[in-house]
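Text of the file my_file08.txt, holding compact mmCIF, C-alpha atoms:
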```txt
# COMPACT_ATOMS: atom_id res chain seq x y z
CA MET P 1 -10.72 12.99 -21.59
CA SER P 2 -12.88 10.03 -22.62
CA GLY P 3 -16.36 9.36 -21.28
CA LYS P 4 -15.08 6.19 -19.58
CA THR P 5 -12.41 8.15 -17.73
CA LYS P 6 -14.94 10.76 -16.60
CA LEU P 7 -17.22 8.01 -15.30
CA GLU P 8 -14.30 6.39 -13.51
CA ILE P 9 -13.37 9.67 -11.82
CA ALA P 10 -17.01 10.21 -10.81
CA VAL P 11 -17.17 6.76 -9.20
CA TYR P 12 -13.89 7.34 -7.35
CA ALA P 13 -15.17 10.72 -6.12
CA ALA P 14 -18.48 9.25 -4.95
CA VAL P 15 -16.78 6.51 -2.94
CA CYS P 16 -14.32 8.97 -1.36
CA LEU P 17 -17.13 11.38 -0.44
CA ALA P 18 -19.03 8.53 1.22
CA ILE P 19 -15.92 7.64 3.24
CA LEU P 20 -15.39 11.27 4.27
CA ALA P 21 -19.04 11.58 5.34
CA LEU P 22 -18.93 8.62 7.74
CA PRO P 23 -18.11 10.66 10.92
CA LEU P 24 -21.25 12.72 10.26
CA VAL P 25 -23.42 9.67 10.97
CA LEU P 26 -21.14 7.76 13.34
CA ASP P 27 -20.27 9.18 16.74
CA ASP P 28 -18.25 6.36 18.26
CA ALA P 29 -14.55 6.90 18.95
CA PHE P 30 -13.67 3.20 18.99
CA LEU P 31 -15.42 2.48 15.69
CA LEU P 32 -13.89 5.53 14.02
CA ASN P 33 -10.43 4.31 15.02
CA LYS P 34 -11.28 0.82 13.79
CA TYR P 35 -12.53 2.05 10.42
CA ALA P 36 -9.51 4.37 10.11
CA ARG P 37 -7.28 1.29 10.42
CA TYR P 38 -9.23 -0.42 7.65
CA LEU P 39 -8.84 2.64 5.42
CA VAL P 40 -5.07 2.66 6.01
CA LEU P 41 -4.93 -0.95 4.86
CA GLY P 42 -6.98 0.14 1.86
CA ILE P 43 -4.21 2.62 0.98
CA LEU P 44 -1.69 -0.20 1.26
CA ALA P 45 -3.80 -2.28 -1.15
CA VAL P 46 -3.85 0.63 -3.62
CA SER P 47 -0.05 0.71 -3.55
CA LEU P 48 0.20 -2.99 -4.43
CA SER P 49 -2.46 -2.67 -7.14
CA LEU P 50 -0.34 0.00 -8.80
CA SER P 51 2.74 -2.23 -9.03
CA TRP P 52 1.05 -5.62 -9.50
CA GLY P 53 -2.10 -4.83 -11.45
CA TYR P 54 -0.77 -2.06 -13.69
CA ALA P 55 2.93 -2.91 -13.93
CA GLY P 56 2.78 -6.68 -13.54
CA ILE P 57 5.29 -6.60 -10.64
CA LEU P 58 4.09 -8.90 -7.87
CA ASN P 59 5.71 -7.48 -4.75
CA LEU P 60 5.47 -10.10 -2.02
CA GLY P 61 7.38 -7.72 0.23
CA GLN P 62 5.00 -4.77 0.05
CA ALA P 63 4.99 -4.69 3.86
CA THR P 64 8.66 -3.64 3.79
CA THR P 65 7.99 -0.07 2.67
CA PHE P 66 4.84 0.01 4.81
CA GLY P 67 6.92 -0.91 7.86
CA LEU P 68 9.69 1.56 7.03
CA GLY P 69 7.15 4.38 6.87
CA SER P 70 5.66 3.20 10.16
CA TYR P 71 9.02 3.21 11.94
CA CYS P 72 9.95 6.65 10.60
CA MET P 73 6.76 8.12 12.07
CA ALA P 74 7.21 6.17 15.32
CA MET P 75 10.75 7.52 15.76
CA ALA P 76 9.55 11.10 15.39
CA LEU P 77 6.63 10.59 17.77
CA LYS P 78 8.78 8.73 20.31
CA LEU P 79 11.10 11.70 20.68
CA LYS P 80 8.10 13.86 21.58
CA THR P 81 6.78 11.66 24.40
CA ILE P 82 6.43 12.86 27.97
CA PRO P 83 9.50 12.31 30.22
CA ILE P 84 7.99 9.33 32.07
CA HIS P 85 8.31 7.29 28.87
CA THR P 86 11.89 8.32 28.16
CA GLY P 87 15.22 8.45 29.91
CA ALA P 88 17.59 11.33 30.52
CA ASP P 89 17.63 13.98 27.79
CA GLY P 90 14.67 12.33 26.11
CA LEU P 91 16.47 9.04 25.41
CA PRO P 92 13.84 6.42 24.40
CA ASP P 93 13.05 3.95 27.20
CA PHE P 94 14.22 0.84 25.33
CA MET P 95 17.61 2.48 24.78
CA VAL P 96 17.88 3.12 28.52
CA TRP P 97 17.10 -0.56 29.20
CA ASN P 98 19.82 -1.58 26.74
CA ASN P 99 22.41 0.79 28.26
CA VAL P 100 22.73 3.02 25.20
CA PRO P 101 24.65 6.09 26.48
CA GLU P 102 23.29 8.68 24.05
CA LEU P 103 20.87 9.08 21.19
CA PRO P 104 22.32 7.53 17.97
CA TRP P 105 23.11 9.93 15.14
CA PHE P 106 20.43 8.52 12.83
CA TRP P 107 17.74 9.23 15.47
CA LYS P 108 18.62 12.90 15.99
CA PRO P 109 17.03 14.28 12.78
CA PHE P 110 13.70 12.82 13.93
CA TYR P 111 13.42 15.57 16.54
CA SER P 112 11.89 17.40 13.58
CA MET P 113 8.39 16.16 12.76
CA THR P 114 8.79 17.55 9.25
CA PHE P 115 11.84 15.36 8.76
CA GLY P 116 9.96 12.36 10.18
CA VAL P 117 7.08 12.78 7.73
CA ALA P 118 9.44 13.34 4.79
CA ALA P 119 11.52 10.30 5.80
CA GLY P 120 8.37 8.17 5.89
CA ILE P 121 8.02 8.81 2.16
CA VAL P 122 11.64 9.18 1.04
CA VAL P 123 13.11 6.15 2.85
CA PRO P 124 10.63 3.70 1.24
CA ILE P 125 11.26 5.34 -2.15
CA LEU P 126 15.03 4.99 -1.80
CA PHE P 127 14.70 1.37 -0.66
CA ALA P 128 12.39 0.50 -3.58
CA ALA P 129 14.55 2.37 -6.11
CA LEU P 130 17.70 0.57 -4.97
CA LEU P 131 16.06 -2.85 -4.94
CA GLY P 132 14.34 -2.09 -8.24
CA TRP P 133 17.60 -1.01 -9.84
CA PHE P 134 19.21 -4.37 -9.06
CA MET P 135 16.12 -6.34 -10.12
CA PHE P 136 15.00 -4.57 -13.26
CA ARG P 137 18.44 -3.66 -14.61
CA GLY P 138 19.20 -7.37 -14.25
CA ARG P 139 15.87 -8.17 -15.97
CA VAL P 140 14.59 -10.09 -12.95
CA THR P 141 10.85 -10.45 -13.49
CA GLY P 142 7.92 -12.70 -12.68
CA VAL P 143 8.21 -15.15 -9.83
CA TYR P 144 11.90 -14.34 -9.35
CA ALA P 145 11.08 -10.68 -8.66
CA ALA P 146 8.37 -11.77 -6.21
CA ILE P 147 10.83 -14.00 -4.35
CA THR P 148 13.46 -11.25 -4.30
CA THR P 149 11.04 -8.76 -2.72
CA LEU P 150 9.97 -11.35 -0.17
CA ALA P 151 13.59 -12.13 0.76
CA ALA P 152 14.41 -8.42 1.07
CA MET P 153 11.48 -7.96 3.45
CA VAL P 154 12.62 -10.82 5.68
CA VAL P 155 16.15 -9.35 5.81
CA VAL P 156 14.85 -5.91 6.84
CA GLN P 157 12.55 -7.41 9.47
CA LEU P 158 15.35 -9.52 10.98
CA LEU P 159 17.65 -6.49 10.99
CA ILE P 160 15.10 -4.42 12.92
CA ILE P 161 14.49 -7.23 15.41
CA ASP P 162 18.21 -7.85 15.89
CA GLN P 163 19.03 -4.20 16.60
CA GLN P 164 16.91 -4.12 19.75
CA ALA P 165 18.90 -1.34 21.39
CA TYR P 166 18.08 1.05 18.55
CA THR P 167 14.71 -0.19 17.25
CA GLY P 168 12.98 -1.77 20.24
CA GLY P 169 13.43 -5.27 18.82
CA PHE P 170 10.41 -7.60 19.10
CA ASN P 171 8.55 -5.03 21.20
CA GLY P 172 8.74 -2.35 18.54
CA ILE P 173 8.41 1.33 19.44
CA THR P 174 5.59 2.03 21.90
CA ASP P 175 4.31 4.81 24.19
CA LEU P 176 4.23 7.39 21.43
CA ALA P 177 3.09 10.99 21.51
CA GLN P 178 0.08 11.99 19.44
CA PHE P 179 0.68 13.35 15.97
CA ASP P 180 0.74 17.14 16.05
CA VAL P 181 0.80 19.64 13.20
CA ALA P 182 1.05 23.37 13.84
CA GLY P 183 -0.42 22.96 17.32
CA PHE P 184 -3.33 20.79 16.13
CA THR P 185 -3.28 17.32 17.68
CA PHE P 186 -4.63 14.26 15.89
CA ASP P 187 -6.03 12.04 18.61
CA ALA P 188 -6.06 8.42 17.40
CA TYR P 189 -9.62 8.01 18.70
CA SER P 190 -11.10 11.19 17.30
CA SER P 191 -12.68 12.17 14.02
CA SER P 192 -9.60 14.29 13.21
CA SER P 193 -7.42 11.20 12.71
CA TYR P 194 -10.17 9.54 10.69
CA TYR P 195 -10.39 12.57 8.40
CA LEU P 196 -6.60 12.62 8.09
CA VAL P 197 -6.63 9.00 6.91
CA ALA P 198 -9.64 9.51 4.64
CA ILE P 199 -8.08 12.56 2.97
CA CYS P 200 -4.78 10.72 2.46
CA LEU P 201 -6.72 7.80 0.97
CA THR P 202 -8.49 10.14 -1.45
CA VAL P 203 -5.22 11.80 -2.48
CA SER P 204 -3.51 8.41 -2.92
CA LEU P 205 -6.35 7.05 -5.05
CA PHE P 206 -6.45 10.03 -7.41
CA LEU P 207 -2.66 10.29 -7.55
CA ALA P 208 -2.39 6.62 -8.51
CA LEU P 209 -5.22 7.03 -11.02
CA ALA P 210 -3.47 10.03 -12.59
CA VAL P 211 -0.28 7.99 -12.92
CA THR P 212 -2.11 5.14 -14.68
CA LYS P 213 -3.74 7.56 -17.14
CA SER P 214 -0.53 9.41 -17.94
CA LYS P 215 1.89 8.60 -20.76
CA THR P 216 4.17 6.88 -18.24
CA GLY P 217 1.27 4.81 -16.93
CA LEU P 218 0.29 3.67 -20.41
CA ILE P 219 3.85 2.63 -21.19
CA VAL P 220 4.04 0.75 -17.88
CA GLN P 221 0.86 -1.16 -18.78
CA ALA P 222 2.30 -1.92 -22.21
CA ILE P 223 5.44 -3.28 -20.49
CA ARG P 224 3.22 -5.47 -18.33
CA ASP P 225 1.62 -6.97 -21.44
CA GLN P 226 4.59 -7.19 -23.83
CA GLU P 227 7.90 -6.12 -22.31
CA ASP P 228 10.04 -7.09 -25.31
CA ARG P 229 7.80 -5.22 -27.75
CA VAL P 230 8.05 -2.00 -25.71
CA ARG P 231 11.83 -2.41 -25.46
CA PHE P 232 11.93 -2.78 -29.23
CA PHE P 233 10.26 0.67 -29.52
CA GLY P 234 13.29 2.13 -27.75
CA TYR P 235 11.94 2.70 -24.24
CA ASP P 236 14.08 2.14 -21.14
CA VAL P 237 11.89 -0.58 -19.64
CA ALA P 238 13.86 -0.84 -16.39
CA LEU P 239 13.53 2.90 -15.73
CA TYR P 240 9.75 2.78 -16.02
CA GLN P 241 9.58 -0.28 -13.77
CA ILE P 242 11.77 1.40 -11.14
CA PHE P 243 9.56 4.49 -11.29
CA ILE P 244 6.27 2.67 -10.75
CA PHE P 245 7.88 0.45 -8.10
CA SER P 246 9.02 3.59 -6.24
CA VAL P 247 5.64 5.33 -6.50
CA SER P 248 4.03 2.21 -5.06
CA ALA P 249 6.57 2.28 -2.22
CA ALA P 250 5.81 5.96 -1.48
CA ILE P 251 2.09 5.23 -1.11
CA ALA P 252 2.88 2.22 1.10
CA GLY P 253 5.19 4.39 3.23
CA LEU P 254 2.38 6.94 3.67
CA ALA P 255 0.07 4.12 4.76
CA GLY P 256 2.68 2.95 7.26
CA MET P 257 2.93 6.40 8.84
CA LEU P 258 -0.84 6.66 9.14
CA TYR P 259 -1.00 3.19 10.68
CA THR P 260 1.41 4.25 13.42
CA ILE P 261 -0.74 7.33 14.10
CA VAL P 262 -3.98 5.35 14.51
CA MET P 263 -2.40 2.33 16.24
CA GLU P 264 -0.05 4.40 18.42
CA PHE P 265 2.90 2.05 18.05
CA ALA P 266 5.21 0.49 15.46
CA SER P 267 5.99 -3.20 15.40
CA PRO P 268 8.24 -5.55 13.39
CA THR P 269 5.05 -7.46 12.53
CA PHE P 270 4.29 -4.54 10.18
CA LEU P 271 7.16 -5.88 8.06
CA GLY P 272 6.11 -9.51 8.37
CA VAL P 273 5.21 -12.16 5.82
CA PRO P 274 1.60 -12.58 7.07
CA LEU P 275 0.74 -8.92 6.41
CA SER P 276 2.47 -8.90 3.03
CA LEU P 277 0.62 -12.00 1.85
CA SER P 278 -2.64 -10.60 3.23
CA VAL P 279 -2.25 -7.55 1.00
CA VAL P 280 -1.95 -9.83 -2.02
CA ILE P 281 -5.22 -11.52 -1.00
CA TRP P 282 -7.02 -8.19 -0.55
CA VAL P 283 -5.93 -6.99 -3.97
CA ALA P 284 -6.85 -10.30 -5.61
CA VAL P 285 -10.32 -10.21 -4.03
CA GLY P 286 -10.95 -6.60 -5.05
CA GLY P 287 -9.36 -6.84 -8.48
CA ARG P 288 -5.70 -6.16 -9.06
CA GLN P 289 -6.24 -4.05 -12.19
CA SER P 290 -8.54 -1.65 -10.38
CA LEU P 291 -7.22 0.79 -7.77
CA LEU P 292 -10.67 1.33 -6.32
CA GLY P 293 -11.39 -2.40 -6.44
CA ALA P 294 -8.18 -3.19 -4.55
CA MET P 295 -9.06 -0.64 -1.88
CA LEU P 296 -12.59 -1.97 -1.51
CA GLY P 297 -11.21 -5.52 -1.44
CA ALA P 298 -9.06 -4.58 1.56
CA LEU P 299 -12.06 -3.03 3.32
CA VAL P 300 -14.27 -6.04 2.62
CA VAL P 301 -11.74 -8.67 3.68
CA THR P 302 -10.42 -6.87 6.78
CA GLY P 303 -13.93 -5.81 7.79
CA THR P 304 -15.27 -9.35 7.42
CA GLN P 305 -12.24 -10.74 9.20
CA GLY P 306 -12.72 -8.30 12.06
CA ALA P 307 -16.42 -9.06 12.38
CA LEU P 308 -15.91 -12.83 12.36
CA SER P 309 -12.96 -12.80 14.78
CA GLU P 310 -14.93 -10.69 17.27
CA SER P 311 -17.99 -12.95 17.08
CA GLU P 312 -18.35 -15.68 19.69
CA THR P 313 -20.04 -17.91 17.11
CA PHE P 314 -17.10 -17.85 14.69
CA LEU P 315 -14.30 -17.33 17.20
CA ASP P 316 -12.68 -20.69 16.45
CA SER P 317 -13.58 -21.01 12.77
CA TRP P 318 -13.23 -17.54 11.26
CA THR P 319 -9.85 -18.33 9.64
CA LEU P 320 -11.40 -21.35 7.90
CA ILE P 321 -14.28 -19.21 6.65
CA MET P 322 -11.93 -16.55 5.32
CA GLY P 323 -9.88 -19.22 3.53
CA LEU P 324 -13.03 -20.66 1.95
CA LEU P 325 -14.18 -17.21 0.80
CA PHE P 326 -10.81 -16.56 -0.83
CA VAL P 327 -10.92 -19.91 -2.66
CA LEU P 328 -14.41 -19.12 -3.94
CA VAL P 329 -13.32 -15.68 -5.17
CA VAL P 330 -10.33 -17.15 -7.02
CA LEU P 331 -12.49 -19.82 -8.65
CA PHE P 332 -15.50 -17.73 -9.63
CA LEU P 333 -14.16 -14.15 -9.70
CA PRO P 334 -10.67 -14.42 -11.25
CA LYS P 335 -10.59 -10.65 -11.81
CA GLY P 336 -11.97 -9.87 -8.38
CA ILE P 337 -14.97 -7.83 -7.37
CA ALA P 338 -14.07 -5.00 -9.76
CA GLY P 339 -13.82 -7.43 -12.66
CA ALA P 340 -17.26 -8.86 -11.87
CA VAL P 341 -18.81 -5.38 -11.67
CA GLU P 342 -17.17 -4.35 -14.95
CA LYS P 343 -18.39 -7.53 -16.62
CA LEU P 344 -21.96 -6.91 -15.48
CA ALA P 345 -21.80 -3.28 -16.61
CA GLY P 346 -20.49 -4.37 -20.00
CA LYS P 347 -23.17 -7.04 -20.31
CA PHE P 348 -26.09 -4.71 -19.60
CA GLY P 349 -24.65 -1.47 -20.98
CA HIS P 350 -22.99 -2.72 -24.16
CA ARG P 351 -25.10 -5.72 -25.08
CA HIS P 352 -24.74 -5.04 -28.81
CA ALA P 353 -21.20 -3.68 -28.85
CA ILE P 354 -19.04 -4.78 -31.77
CA PRO P 355 -15.51 -5.98 -30.88
CA VAL P 356 -12.83 -3.71 -32.32
CA SER P 357 -9.77 -5.88 -31.70
CA PRO P 358 -8.52 -7.59 -34.88
CA PRO P 359 -9.15 -11.34 -34.49
CA GLN P 360 -5.78 -12.26 -35.99
CA LEU P 361 -3.86 -10.56 -33.16
CA GLN P 362 -3.59 -11.88 -29.63
CA PRO P 363 -5.64 -9.62 -27.27
CA GLN P 364 -2.71 -9.08 -24.95
CA ARG P 365 -0.45 -7.93 -27.76
CA THR P 366 -3.18 -5.73 -29.19
CA GLU P 367 -3.59 -3.98 -25.83
CA ALA P 368 0.15 -3.53 -25.46
CA VAL P 369 0.41 -1.90 -28.89
CA ALA P 370 -2.62 0.30 -28.16
CA ASN P 371 -1.14 1.49 -24.88
CA THR P 372 2.19 2.25 -26.52
CA ARG P 373 0.60 4.17 -29.40
CA HIS P 374 -1.61 6.10 -26.99
CA ALA P 375 1.49 7.02 -24.95
CA GLU P 376 3.21 8.19 -28.13
CA SER P 377 0.22 10.41 -28.94
CA LEU P 378 0.51 12.14 -25.58
CA SER P 379 4.14 13.14 -26.16
```
As structure tokens - that is how I would like this structure written.
Amino acid sequence: MSGKTKLEIAVYAAVCLAILALPLVLDDAFLLNKYARYLVLGILAVSLSLSWGYAGILNLGQATTFGLGSYCMAMALKLKTIPIHTGADGLPDFMVWNNVPELPWFWKPFYSMTFGVAAGIVVPILFAALLGWFMFRGRVTGVYAAITTLAAMVVVQLLIIDQQAYTGGFNGITDLAQFDVAGFTFDAYSSSSYYLVAICLTVSLFLALAVTKSKTGLIVQAIRDQEDRVRFFGYDVALYQIFIFSVSAAIAGLAGMLYTIVMEFASPTFLGVPLSLSVVIWVAVGGRQSLLGAMLGALVVTGTQGALSESETFLDSWTLIMGLLFVLVVLFLPKGIAGAVEKLAGKFGHRHAIPVSPPQLQPQRTEAVANTRHAESLS
């Protein structure tokens, strides 16, 4: 393990420990719930950073897998609500209003919370793998892949809204029970839910980091830089793209489940275009080639947005301010906050470093070859 990797792990650990320590100095249920929501969105940003920053796959429909995870958790929690919120035999209230005679077959497995949690991960993975198979086997990349993911998200959202009798339609799934594991209840406004989110964030960050440092991760980064060159070496490029696309979906599905737990409802807006485009902005602000930067970018943007929107002074102008901040970041910090920090660290820590890249090769190609050779050395 290189010194740079050790330093990176230490920084990740320090940030995660700071996040986990917050309830020790903050005893406010409302604020803990609010910050838990921000952390969930940070997990969602990590998922997009993995596919966009490290694999070069701009997923404009990242909210799709986030929403699928959210609905899976909501279905499991809905079937555990008190009778006043359900009809006969525990039939969800919106099904009663729509004259559904009995619980549909695809709802019945969600009586098991274990199944609900597993589905929140597996369903997004299956969706991403199927969509990825069609895209990457057909060599759909770049802007065309971005448009495809966006179109798929709109289709899923419209399907959920249209099937009101089975999904709650525009209203979503509300009046949910609290998440319970082995008799321990995670109240949305308690430190237990905050710790649940913070631990899942820590696991997601280090899991994604491990993937990027593995042989598979290095090959994926080489594909991002020079896809044809990696294909020439004999690798199944589409398979690696499907894999990283699916891992990203799994993390997004986890974030969706956590969001339902802290928000206590699921909504079709969780699969909407505004949220999906917002994730792209968070990752761009934080730095798309840094998992930690993407997460911090989500916290900074959503935190600033929340503070401005709740302020009487900026109540009518906060969207304009956020737009201006994003324009400034794009103009002056093209690699985001993480890129700026890395540049400053390189400037002051390696002032006299000698470049090692051969000047006759393009930097992007040099990096692609280096990643591929490093991956070969790990096998």
Mind dumping a table of every region 231-276 of chain P residue within 12 Å of region 141-161 of chain P, with the nearest atom pair and its distance in Å to one decimal, using all atoms listed in the file, sorted by chain and rising number, as a tab-separated table?
```
residue	atom	partner	partner_atom	distance
P:Val237	CA	P:Thr141	CA	11.7
P:Ala238	CA	P:Thr141	CA	10.5
P:Gln241	CA	P:Thr141	CA	10.3
P:Phe245	CA	P:Thr149	CA	11.1
P:Ala249	CA	P:Thr149	CA	11.9
P:Ala266	CA	P:Ile160	CA	11.3
P:Ser267	CA	P:Ile161	CA	9.4
P:Pro268	CA	P:Gln157	CA	6.1
P:Thr269	CA	P:Gln157	CA	8.1
P:Phe270	CA	P:Gln157	CA	8.8
P:Leu271	CA	P:Gln157	CA	5.8
P:Gly272	CA	P:Gln157	CA	6.9
P:Val273	CA	P:Val154	CA	7.5
P:Pro274	CA	P:Leu150	CA	11.1
P:Leu275	CA	P:Met153	CA	11.2
P:Ser276	CA	P:Leu150	CA	8.5
```
Any idea what's packed within 12 Å of Thr304 (chain P), counting all atoms listed in the file, ignoring anything in its chain fewer than 5 positions away? Could you give it as an mmCIF file with C-alpha atoms, keeping the file's coordinate frame?
```cif
data_model
loop_
_atom_site.group_PDB
_atom_site.id
_atom_site.type_symbol
_atom_site.label_atom_id
_atom_site.label_comp_id
_atom_site.auth_asym_id
_atom_site.auth_seq_id
_atom_site.Cartn_x
_atom_site.Cartn_y
_atom_site.Cartn_z
ATOM 1 C CA TYR P 38 -9.230 -0.420 7.650
ATOM 2 C CA TRP P 282 -7.020 -8.190 -0.550
ATOM 3 C CA LEU P 296 -12.590 -1.970 -1.510
ATOM 4 C CA GLY P 297 -11.210 -5.520 -1.440
ATOM 5 C CA ALA P 298 -9.060 -4.580 1.560
ATOM 6 C CA LEU P 299 -12.060 -3.030 3.320
ATOM 7 C CA SER P 309 -12.960 -12.800 14.780
ATOM 8 C CA GLU P 310 -14.930 -10.690 17.270
ATOM 9 C CA SER P 311 -17.990 -12.950 17.080
ATOM 10 C CA PHE P 314 -17.100 -17.850 14.690
ATOM 11 C CA TRP P 318 -13.230 -17.540 11.260
ATOM 12 C CA THR P 319 -9.850 -18.330 9.640
ATOM 13 C CA ILE P 321 -14.280 -19.210 6.650
ATOM 14 C CA MET P 322 -11.930 -16.550 5.320
ATOM 15 C CA GLY P 323 -9.880 -19.220 3.530
ATOM 16 C CA LEU P 325 -14.180 -17.210 0.800
ATOM 17 C CA PHE P 326 -10.810 -16.560 -0.830
#
```
Name all residues at most 12 Å from Pro124 (chain P) (count all atoms listed in the file; drop same-chain ones fewer than 4 positions away) and give them as an MDAnalysis selection string.
chainID P and resid 61:72 117:120 128:132 153 156 245:257
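One distance worth recording is that between CA of Asp236 (chain P) and CA of Leu292 (chain P), which is 28.9 Å.
Atom pair CA of Phe332 (chain P) / CA of Leu320 (chain P) has a distance of 18.4 Å (rounded to one decimal).
Between CA of Val285 (chain P) and CA of Gly336 (chain P) the separation is 4.7 Å.
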Kindly extract all protein, DNA and RNA residues lying within 12 Å of the coordinates (19.4, 10.5, 12.8) given in the file, considering all atoms listed in the file, and supply them as a ChimeraX atom specification.
/P:72,75-76,79,103-112,115-116,119,166
Each side padded by 4 Å, which centre and which edge lengths in Å (one decimal) define the axis-aligned box around the listed atoms of region 58-61 of chain P? Give them as AutoDock Vina command-line options.
```
--center_x 5.7 --center_y -8.8 --center_z -3.8 --size_x 11.3 --size_y 10.6 --size_z 16.1
```
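The shortest atom-to-atom distance to Pro23 (chain P), with only C-alpha atoms taken into account, belongs to P:Ala198 out of P:Ala198, P:Val122, P:Val181, P:Leu218.
Between Leu205 (chain P) and the candidates P:Leu331, P:Ile281, P:Leu24, P:Leu44, the tightest atom-to-atom separation, counting all atoms listed in the file, involves P:Leu44.
Closest approach to Leu176 (chain P) among P:Ile244, P:Val197, P:Leu77, P:Ala36 is made by P:Leu77 (distances from only C-alpha atoms).
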For Leu17 (chain P), which residue among P:Phe233, P:Gln226, P:Ala284, P:Tyr195 is the nearest when counting only C-alpha atoms?
P:Tyr195
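Of the residues under consideration (P:Gln163, P:Ser193, P:Thr185, P:Gln289), P:Ser193 shows the shortest atom-to-atom contact distance to Leu32 (chain P) when counting all atoms listed in the file.
Closest to Ser290 (chain P) among P:Ala165, P:Ala340, P:Leu277, P:Ile121 is P:Ala340, based on all atoms listed in the file.
The shell of residues at most 9 Å from Arg224 (chain P), with all atoms listed in the file counted and near chain neighbours (fewer than 5 positions) removed, consists of Gly53, Tyr54, Ala55, Gly56, Ile57, Ile219 and Ala368 of chain P.
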Would you mind writing region 8-21 of chain P with N, CA, C and O atoms, as a PDB file, in the frame of the given file?
```pdb
ATOM      1  N   GLU P   8     -15.182   6.985 -14.512  1.00  0.00           N
ATOM      2  CA  GLU P   8     -14.300   6.390 -13.510  1.00  0.00           C
ATOM      3  C   GLU P   8     -13.973   7.397 -12.415  1.00  0.00           C
ATOM      4  O   GLU P   8     -14.022   7.066 -11.222  1.00  0.00           O
ATOM      5  N   ILE P   9     -13.678   8.627 -12.795  1.00  0.00           N
ATOM      6  CA  ILE P   9     -13.370   9.670 -11.820  1.00  0.00           C
ATOM      7  C   ILE P   9     -14.591   9.954 -10.943  1.00  0.00           C
ATOM      8  O   ILE P   9     -14.474  10.146  -9.722  1.00  0.00           O
ATOM      9  N   ALA P  10     -15.780   9.958 -11.568  1.00  0.00           N
ATOM     10  CA  ALA P  10     -17.010  10.210 -10.810  1.00  0.00           C
ATOM     11  C   ALA P  10     -17.249   9.116  -9.769  1.00  0.00           C
ATOM     12  O   ALA P  10     -17.653   9.401  -8.634  1.00  0.00           O
ATOM     13  N   VAL P  11     -16.995   7.867 -10.146  1.00  0.00           N
ATOM     14  CA  VAL P  11     -17.170   6.760  -9.200  1.00  0.00           C
ATOM     15  C   VAL P  11     -16.173   6.865  -8.056  1.00  0.00           C
ATOM     16  O   VAL P  11     -16.529   6.687  -6.881  1.00  0.00           O
ATOM     17  N   TYR P  12     -14.919   7.163  -8.386  1.00  0.00           N
ATOM     18  CA  TYR P  12     -13.890   7.340  -7.350  1.00  0.00           C
ATOM     19  C   TYR P  12     -14.301   8.452  -6.381  1.00  0.00           C
ATOM     20  O   TYR P  12     -14.184   8.306  -5.153  1.00  0.00           O
ATOM     21  N   ALA P  13     -14.777   9.573  -6.940  1.00  0.00           N
ATOM     22  CA  ALA P  13     -15.170  10.720  -6.120  1.00  0.00           C
ATOM     23  C   ALA P  13     -16.345  10.370  -5.211  1.00  0.00           C
ATOM     24  O   ALA P  13     -16.372  10.756  -4.029  1.00  0.00           O
ATOM     25  N   ALA P  14     -17.311   9.624  -5.739  1.00  0.00           N
ATOM     26  CA  ALA P  14     -18.480   9.250  -4.950  1.00  0.00           C
ATOM     27  C   ALA P  14     -18.099   8.364  -3.766  1.00  0.00           C
ATOM     28  O   ALA P  14     -18.577   8.561  -2.642  1.00  0.00           O
ATOM     29  N   VAL P  15     -17.219   7.404  -4.014  1.00  0.00           N
ATOM     30  CA  VAL P  15     -16.780   6.510  -2.940  1.00  0.00           C
ATOM     31  C   VAL P  15     -16.005   7.292  -1.876  1.00  0.00           C
ATOM     32  O   VAL P  15     -16.217   7.105  -0.666  1.00  0.00           O
ATOM     33  N   CYS P  16     -15.121   8.176  -2.311  1.00  0.00           N
ATOM     34  CA  CYS P  16     -14.320   8.970  -1.360  1.00  0.00           C
ATOM     35  C   CYS P  16     -15.192   9.910  -0.546  1.00  0.00           C
ATOM     36  O   CYS P  16     -14.967  10.086   0.662  1.00  0.00           O
ATOM     37  N   LEU P  17     -16.217  10.504  -1.170  1.00  0.00           N
ATOM     38  CA  LEU P  17     -17.130  11.380  -0.440  1.00  0.00           C
ATOM     39  C   LEU P  17     -17.911  10.599   0.606  1.00  0.00           C
ATOM     40  O   LEU P  17     -18.159  11.084   1.716  1.00  0.00           O
ATOM     41  N   ALA P  18     -18.308   9.375   0.262  1.00  0.00           N
ATOM     42  CA  ALA P  18     -19.030   8.530   1.220  1.00  0.00           C
ATOM     43  C   ALA P  18     -18.142   8.202   2.418  1.00  0.00           C
ATOM     44  O   ALA P  18     -18.595   8.194   3.568  1.00  0.00           O
ATOM     45  N   ILE P  19     -16.863   7.935   2.149  1.00  0.00           N
ATOM     46  CA  ILE P  19     -15.920   7.640   3.240  1.00  0.00           C
ATOM     47  C   ILE P  19     -15.717   8.865   4.124  1.00  0.00           C
ATOM     48  O   ILE P  19     -15.706   8.765   5.357  1.00  0.00           O
ATOM     49  N   LEU P  20     -15.594  10.032   3.503  1.00  0.00           N
ATOM     50  CA  LEU P  20     -15.390  11.270   4.270  1.00  0.00           C
ATOM     51  C   LEU P  20     -16.616  11.648   5.088  1.00  0.00           C
ATOM     52  O   LEU P  20     -16.498  12.321   6.123  1.00  0.00           O
ATOM     53  N   ALA P  21     -17.794  11.215   4.649  1.00  0.00           N
ATOM     54  CA  ALA P  21     -19.040  11.580   5.340  1.00  0.00           C
ATOM     55  C   ALA P  21     -19.352  10.670   6.524  1.00  0.00           C
ATOM     56  O   ALA P  21     -20.269  10.973   7.298  1.00  0.00           O
TER      57      ALA P  21
END
```
